[in-house]
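Only one structure is covered here, and it is reproduced in the block below.
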Amino acid sequence: MQSITAAFKARPLARAFTSRAVEGFIGGIGNTPLIRLQKLSEQTGCNIVAKSELQNPGGSVKDRAALGVITDAEKRGLLKPGGTVVEGTAGNTGIGLAHVCRARGYRCVIFMPNTQSQEKIDLLRMLGAEVYPVPAVAYENPKNYNHQAREFAATLPNAIWTDQFDNTANADAHYRTTGPEIWAQTAGAVDAFVCATGTGGTLAGTGRALKELSGGRTQVWLADPPGSVLYSYISSGGKLTERSGGSITEGIGQGRITNNLGTFVKNIDGALHIPDEKSIAMLYDLLDTEGLYLGASSALNVVAAVELAKKLGPGKTIATILCDGAYRYQSRLFSKKWLQAKGLESAIPEHLRKYAVLD
């Protein structure tokens, strides 16, 4: 059998067409490329492969969840033509929902923490969504953006709160698509999968599929940013601690076990804590060596894949997720002032600081 390394190297420069024309925006979701990260694969002696979810038509992995929760609501008769879709979201799920709502003819209303990047807020409004930025408070607080979204949806006829954190249609979408795609693209030769989690849908759904397809052989690990409790939860065998601190990453990290994550949390093989310093350094390195312009959560996932490769040893294939590109965060991630304010400029190797072109 041809090795996965040889298979990647034997491919032509242009990516072959994998299907006929698809039906609209909805048909374009999924079947994204799996990219072998060349430098990091050579450095680790493993195959580090990353699912390029920024190539979904809405620009992120959350297109899958958005389609999944809306399709599920339609099938269950909860959402009828002309209805309203409401969600509390840190950004990308809202963008995916706004796109799917435009394609399906629904009104879209988004409640989000006022800590999110202006690029995301602007894009949501350009897509026709009604956006309500609200103070970022803990989930336990009744003014949390998720609770406000739920309460708003309850006041409207023919409306749903998609409940991305606890609606397991989210994880099911990845179970049906992302996991099987990775399995097929690696010809079943994936030794481990690792990614960060916000709702838990990507990790739980993809992980469950890969565990089943591999007969339990594929390890599934969780990557966690600062300010999240999931690393300590997994590492301690199930003890939740108080959430404290924060991260430059957006949309990942969590203070509780969501229903989506709960569908799989007992099957997670391990967890990795990834400091912001490593994520920002990797973000700049991937731009320089691979030509990949990625958001911080994608960079964090790649750091985790490299660390897991070192744990498992040479010859393994480690898969992860490139959640989105840097376009929605560039005013921060490539700003000298912002990097200095966060104490992160020194984490970027000096020869890569040339990419921080914004003042």
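Residue numbering restarts at 1 for every chain of the structure tokens, chains are lettered A, B, ... in their displayed order, and ligands are numbered from 1 as they appear.
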Set the distance at 12 Å and use only C-alpha atoms: which residues neighbour A:Asn260 once local chain neighbours fewer than 5 positions away are removed? I'd like the list as a PDB file with N, CA and C atoms, in the first residue's frame.
```
ATOM      1  N   ALA A  65     -22.100  23.258  11.203  1.00  0.00           N
ATOM      2  CA  ALA A  65     -23.028  23.281  12.329  1.00  0.00           C
ATOM      3  C   ALA A  65     -24.280  24.072  11.986  1.00  0.00           C
ATOM      4  N   ASP A 163     -29.439  27.149  19.619  1.00  0.00           N
ATOM      5  CA  ASP A 163     -28.805  26.553  20.797  1.00  0.00           C
ATOM      6  C   ASP A 163     -27.558  25.750  20.433  1.00  0.00           C
ATOM      7  N   GLN A 164     -26.606  26.412  19.778  1.00  0.00           N
ATOM      8  CA  GLN A 164     -25.443  25.706  19.218  1.00  0.00           C
ATOM      9  C   GLN A 164     -24.633  24.926  20.249  1.00  0.00           C
ATOM     10  N   PHE A 165     -24.630  25.367  21.513  1.00  0.00           N
ATOM     11  CA  PHE A 165     -23.822  24.691  22.521  1.00  0.00           C
ATOM     12  C   PHE A 165     -24.433  23.361  22.972  1.00  0.00           C
ATOM     13  N   ASP A 166     -25.749  23.314  23.060  1.00  0.00           N
ATOM     14  CA  ASP A 166     -26.396  22.136  23.632  1.00  0.00           C
ATOM     15  C   ASP A 166     -27.329  21.399  22.682  1.00  0.00           C
ATOM     16  N   ASN A 167     -27.452  21.875  21.466  1.00  0.00           N
ATOM     17  CA  ASN A 167     -28.236  21.189  20.442  1.00  0.00           C
ATOM     18  C   ASN A 167     -27.313  20.191  19.745  1.00  0.00           C
ATOM     19  N   THR A 168     -27.516  18.916  19.989  1.00  0.00           N
ATOM     20  CA  THR A 168     -26.572  17.908  19.488  1.00  0.00           C
ATOM     21  C   THR A 168     -26.679  17.666  17.980  1.00  0.00           C
ATOM     22  N   ALA A 169     -27.585  18.372  17.306  1.00  0.00           N
ATOM     23  CA  ALA A 169     -27.564  18.352  15.842  1.00  0.00           C
ATOM     24  C   ALA A 169     -26.256  18.934  15.332  1.00  0.00           C
ATOM     25  N   ASN A 170     -25.624  19.783  16.145  1.00  0.00           N
ATOM     26  CA  ASN A 170     -24.310  20.342  15.840  1.00  0.00           C
ATOM     27  C   ASN A 170     -23.279  19.207  15.715  1.00  0.00           C
ATOM     28  N   ALA A 171     -23.129  18.436  16.776  1.00  0.00           N
ATOM     29  CA  ALA A 171     -22.168  17.325  16.746  1.00  0.00           C
ATOM     30  C   ALA A 171     -22.532  16.297  15.674  1.00  0.00           C
ATOM     31  N   ASP A 172     -23.823  16.063  15.494  1.00  0.00           N
ATOM     32  CA  ASP A 172     -24.255  15.088  14.488  1.00  0.00           C
ATOM     33  C   ASP A 172     -23.805  15.486  13.090  1.00  0.00           C
ATOM     34  N   ALA A 173     -23.787  16.796  12.809  1.00  0.00           N
ATOM     35  CA  ALA A 173     -23.346  17.252  11.490  1.00  0.00           C
ATOM     36  C   ALA A 173     -21.902  16.847  11.234  1.00  0.00           C
ATOM     37  N   HIS A 174     -21.057  16.938  12.248  1.00  0.00           N
ATOM     38  CA  HIS A 174     -19.651  16.542  12.095  1.00  0.00           C
ATOM     39  C   HIS A 174     -19.490  15.026  12.082  1.00  0.00           C
ATOM     40  N   TYR A 175     -20.351  14.344  12.810  1.00  0.00           N
ATOM     41  CA  TYR A 175     -20.335  12.876  12.805  1.00  0.00           C
ATOM     42  C   TYR A 175     -20.651  12.351  11.404  1.00  0.00           C
ATOM     43  N   THR A 197     -12.210  23.231  21.394  1.00  0.00           N
ATOM     44  CA  THR A 197     -13.665  23.157  21.381  1.00  0.00           C
ATOM     45  C   THR A 197     -14.285  24.364  22.056  1.00  0.00           C
ATOM     46  N   GLY A 198     -15.371  24.832  21.456  1.00  0.00           N
ATOM     47  CA  GLY A 198     -16.185  25.878  22.060  1.00  0.00           C
ATOM     48  C   GLY A 198     -17.544  25.280  22.385  1.00  0.00           C
ATOM     49  N   THR A 199     -18.297  24.958  21.343  1.00  0.00           N
ATOM     50  CA  THR A 199     -19.563  24.246  21.539  1.00  0.00           C
ATOM     51  C   THR A 199     -19.324  22.769  21.835  1.00  0.00           C
ATOM     52  N   GLY A 200     -18.218  22.236  21.327  1.00  0.00           N
ATOM     53  CA  GLY A 200     -17.925  20.813  21.456  1.00  0.00           C
ATOM     54  C   GLY A 200     -18.352  20.001  20.259  1.00  0.00           C
ATOM     55  N   GLY A 201     -19.047  20.624  19.296  1.00  0.00           N
ATOM     56  CA  GLY A 201     -19.583  19.886  18.165  1.00  0.00           C
ATOM     57  C   GLY A 201     -18.540  19.268  17.266  1.00  0.00           C
ATOM     58  N   THR A 202     -17.526  20.041  16.894  1.00  0.00           N
ATOM     59  CA  THR A 202     -16.506  19.520  15.976  1.00  0.00           C
ATOM     60  C   THR A 202     -15.740  18.367  16.602  1.00  0.00           C
ATOM     61  N   LEU A 203     -15.267  18.547  17.823  1.00  0.00           N
ATOM     62  CA  LEU A 203     -14.484  17.506  18.489  1.00  0.00           C
ATOM     63  C   LEU A 203     -15.324  16.257  18.730  1.00  0.00           C
ATOM     64  N   ALA A 204     -16.531  16.438  19.262  1.00  0.00           N
ATOM     65  CA  ALA A 204     -17.364  15.288  19.617  1.00  0.00           C
ATOM     66  C   ALA A 204     -17.833  14.523  18.389  1.00  0.00           C
ATOM     67  N   GLY A 205     -18.344  15.245  17.397  1.00  0.00           N
ATOM     68  CA  GLY A 205     -18.865  14.570  16.211  1.00  0.00           C
ATOM     69  C   GLY A 205     -17.782  13.917  15.375  1.00  0.00           C
ATOM     70  N   THR A 206     -16.707  14.658  15.120  1.00  0.00           N
ATOM     71  CA  THR A 206     -15.598  14.114  14.337  1.00  0.00           C
ATOM     72  C   THR A 206     -14.928  12.974  15.092  1.00  0.00           C
ATOM     73  N   GLY A 207     -14.700  13.187  16.388  1.00  0.00           N
ATOM     74  CA  GLY A 207     -14.059  12.159  17.200  1.00  0.00           C
ATOM     75  C   GLY A 207     -14.857  10.875  17.248  1.00  0.00           C
ATOM     76  N   ARG A 208     -16.166  11.000  17.440  1.00  0.00           N
ATOM     77  CA  ARG A 208     -17.021   9.809  17.490  1.00  0.00           C
ATOM     78  C   ARG A 208     -16.958   9.029  16.184  1.00  0.00           C
ATOM     79  N   VAL A 265     -17.388  13.118  25.721  1.00  0.00           N
ATOM     80  CA  VAL A 265     -16.302  13.512  26.618  1.00  0.00           C
ATOM     81  C   VAL A 265     -15.630  12.324  27.298  1.00  0.00           C
TER      82      VAL A 265
END
```
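Shortest separation to A:Tyr327 among A:Leu54, A:Leu358, A:Ala304, A:Val85 occurs at residue A:Leu54, atoms counted being only C-alpha atoms.
Atom pair atom CA of A:Ile48 / atom CA of A:Gly295: separated by 18.0 Å.
The smallest atom-to-atom distance between A:Phe25 and any of A:Gly45, A:Gly313, A:Gly105, A:Gly58, using only C-alpha atoms, is found for A:Gly58.
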Using only C-alpha atoms: which of A:Lys239, A:Lys342, A:Lys336, A:Lys75 has the shortest distance to A:Lys354: A:Lys336
Strand (DSSP E or B) residues, from DSSP on the backbone, in stretch 27-224 of chain A, as JSON, numbers by chain: {"A": [34, 35, 36, 47, 48, 49, 50, 51, 52, 60, 84, 85, 86, 87, 88, 107, 108, 109, 110, 111, 112, 113, 130, 131, 132, 133, 134, 159, 160, 161, 192, 193, 194, 195, 196, 219, 220, 221, 222, 223, 224]}
File dump, residues just selected, N, CA and C atoms, as a short mmCIF file (atom, residue, chain, number, x, y, z; two decimals), in the first residue's frame:
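Result went into result_12.cif, see below:
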```
data_model
loop_
_atom_site.label_atom_id
_atom_site.label_comp_id
_atom_site.auth_asym_id
_atom_site.auth_seq_id
_atom_site.Cartn_x
_atom_site.Cartn_y
_atom_site.Cartn_z
N LEU A 34 -7.90 18.38 2.66
CA LEU A 34 -7.07 18.01 3.80
C LEU A 34 -5.64 18.35 3.41
N ILE A 35 -5.05 19.32 4.09
CA ILE A 35 -3.74 19.85 3.72
C ILE A 35 -2.65 19.23 4.59
N ARG A 36 -1.64 18.67 3.97
CA ARG A 36 -0.47 18.18 4.70
C ARG A 36 0.47 19.36 4.93
N ASN A 47 2.89 12.75 9.79
CA ASN A 47 2.09 13.47 8.82
C ASN A 47 1.11 14.34 9.59
N ILE A 48 1.34 15.65 9.56
CA ILE A 48 0.44 16.59 10.19
C ILE A 48 -0.52 17.08 9.10
N VAL A 49 -1.78 16.69 9.20
CA VAL A 49 -2.75 17.05 8.18
C VAL A 49 -3.86 17.88 8.80
N ALA A 50 -4.35 18.86 8.04
CA ALA A 50 -5.32 19.82 8.58
C ALA A 50 -6.48 20.00 7.62
N LYS A 51 -7.68 19.84 8.14
CA LYS A 51 -8.90 20.00 7.35
C LYS A 51 -9.14 21.49 7.14
N SER A 52 -9.12 21.92 5.89
CA SER A 52 -9.14 23.35 5.57
C SER A 52 -10.58 23.87 5.54
N SER A 60 -15.75 29.22 7.27
CA SER A 60 -15.33 28.59 8.52
C SER A 60 -15.97 27.23 8.72
N THR A 84 -37.90 32.56 11.65
CA THR A 84 -36.77 33.32 12.20
C THR A 84 -35.82 32.38 12.94
N VAL A 85 -34.53 32.56 12.69
CA VAL A 85 -33.49 31.78 13.34
C VAL A 85 -32.73 32.72 14.28
N VAL A 86 -32.66 32.35 15.56
CA VAL A 86 -32.00 33.17 16.58
C VAL A 86 -30.88 32.37 17.22
N GLU A 87 -29.75 33.00 17.45
CA GLU A 87 -28.63 32.31 18.08
C GLU A 87 -27.80 33.27 18.91
N GLY A 88 -27.18 32.73 19.94
CA GLY A 88 -26.15 33.43 20.68
C GLY A 88 -24.82 32.88 20.22
N ARG A 107 -35.27 34.84 8.38
CA ARG A 107 -34.74 35.98 9.10
C ARG A 107 -33.70 35.45 10.10
N CYS A 108 -32.60 36.18 10.27
CA CYS A 108 -31.53 35.75 11.17
C CYS A 108 -31.27 36.83 12.22
N VAL A 109 -31.29 36.44 13.49
CA VAL A 109 -31.04 37.37 14.60
C VAL A 109 -29.92 36.80 15.46
N ILE A 110 -28.90 37.60 15.72
CA ILE A 110 -27.72 37.13 16.45
C ILE A 110 -27.48 37.99 17.70
N PHE A 111 -27.32 37.33 18.84
CA PHE A 111 -26.84 37.96 20.07
C PHE A 111 -25.41 37.50 20.26
N MET A 112 -24.51 38.43 20.55
CA MET A 112 -23.11 38.05 20.68
C MET A 112 -22.41 38.89 21.75
N PRO A 113 -21.32 38.35 22.35
CA PRO A 113 -20.56 39.14 23.33
C PRO A 113 -19.94 40.35 22.65
N GLU A 130 -29.61 40.62 11.95
CA GLU A 130 -29.77 41.62 13.00
C GLU A 130 -28.82 41.23 14.13
N VAL A 131 -27.94 42.13 14.51
CA VAL A 131 -26.90 41.80 15.49
C VAL A 131 -27.08 42.64 16.76
N TYR A 132 -27.06 41.95 17.90
CA TYR A 132 -27.18 42.62 19.19
C TYR A 132 -25.96 42.27 20.05
N PRO A 133 -24.91 43.12 20.04
CA PRO A 133 -23.77 42.89 20.94
C PRO A 133 -24.19 43.20 22.38
N VAL A 134 -23.92 42.28 23.29
CA VAL A 134 -24.30 42.46 24.69
C VAL A 134 -23.08 42.22 25.57
N ALA A 159 -40.30 30.62 15.14
CA ALA A 159 -38.90 30.98 15.38
C ALA A 159 -38.23 29.88 16.19
N ILE A 160 -36.94 29.72 15.97
CA ILE A 160 -36.16 28.77 16.75
C ILE A 160 -34.92 29.44 17.32
N TRP A 161 -34.55 29.01 18.50
CA TRP A 161 -33.24 29.31 19.06
C TRP A 161 -32.39 28.09 18.74
N ALA A 192 -4.50 9.91 15.07
CA ALA A 192 -5.03 10.78 16.12
C ALA A 192 -5.68 12.01 15.50
N PHE A 193 -6.65 12.52 16.22
CA PHE A 193 -7.33 13.76 15.85
C PHE A 193 -7.33 14.66 17.07
N VAL A 194 -7.02 15.95 16.86
CA VAL A 194 -6.99 16.89 17.99
C VAL A 194 -7.52 18.24 17.53
N CYS A 195 -8.33 18.86 18.36
CA CYS A 195 -8.75 20.24 18.09
C CYS A 195 -9.30 20.86 19.36
N ALA A 196 -9.41 22.17 19.34
CA ALA A 196 -10.02 22.90 20.45
C ALA A 196 -11.53 22.82 20.33
N GLN A 219 -6.84 7.88 18.24
CA GLN A 219 -6.92 8.65 19.49
C GLN A 219 -7.54 10.02 19.21
N VAL A 220 -8.31 10.52 20.17
CA VAL A 220 -8.93 11.83 20.05
C VAL A 220 -8.55 12.67 21.26
N TRP A 221 -7.91 13.80 21.00
CA TRP A 221 -7.42 14.68 22.06
C TRP A 221 -8.08 16.05 21.96
N LEU A 222 -8.20 16.70 23.09
CA LEU A 222 -8.76 18.05 23.17
C LEU A 222 -7.63 19.06 23.38
N ALA A 223 -7.66 20.15 22.61
CA ALA A 223 -6.70 21.25 22.79
C ALA A 223 -7.43 22.40 23.45
N ASP A 224 -6.78 23.05 24.43
CA ASP A 224 -7.48 24.05 25.22
C ASP A 224 -6.66 25.32 25.38
#
```
Residue contacts of A:Val61 (9 Å, only C-alpha atoms) excluding same-chain residues fewer than 4 positions away, as an NGL selection string: :A and (30 or 52-56 or 65 or 92-93 or 96 or 202 or 321-324)
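Shortest separation to A:Gly315 among A:Ala66, A:Ala189, A:Leu97, A:Ala129 occurs at residue A:Ala189, atoms counted being only C-alpha atoms.
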DSSP-assigned alpha helix (DSSP H) among stretch 130-230 of chain A, expressed as JSON, numbers by chain: {"A": [145, 146, 147, 148, 149, 150, 151, 152, 153, 154, 169, 170, 171, 172, 173, 174, 175, 176, 178, 179, 180, 181, 182, 183, 184, 185, 201, 202, 203, 204, 205, 206, 207, 208, 209, 210, 211, 212, 213, 230]}
All residues 9 Å or closer to A:Ser232, only C-alpha atoms, same chain fewer than 4 positions away omitted, as JSON, numbers by chain: {"A": [228, 236, 237, 238, 239, 240, 241, 271, 273]}
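Close contacts of stretch 280-284 of chain A, defined as residues with an atom at most 8 Å away when counting only C-alpha atoms, with chain neighbours fewer than 2 positions off set aside, comprise Asp276, Glu277, Lys278, Leu286, Leu287, Asp288, Tyr293, Leu294, Gly295, Ala296, Ser298, Ala299, Leu300, Val302, Val303, Leu344, Ala347, Ile348, Pro349, Leu352, Arg353 and Tyr355 of chain A.
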Pairwise distance for atom CA of A:Val100 and atom CA of A:Ile29, rounded to one decimal in Å: 10.1 Å
Per-residue nearest contacts stretch 235-321 of chain A to stretch 140-158 of chain A, cut-off 12 Å, using only C-alpha atoms, as a tab-separated table:
```
residue	atom	partner	partner_atom	distance
A:Arg243	CA	A:Glu140	CA	11.8
A:Gly255	CA	A:Glu140	CA	10.1
A:Arg256	CA	A:Glu140	CA	10.2
```
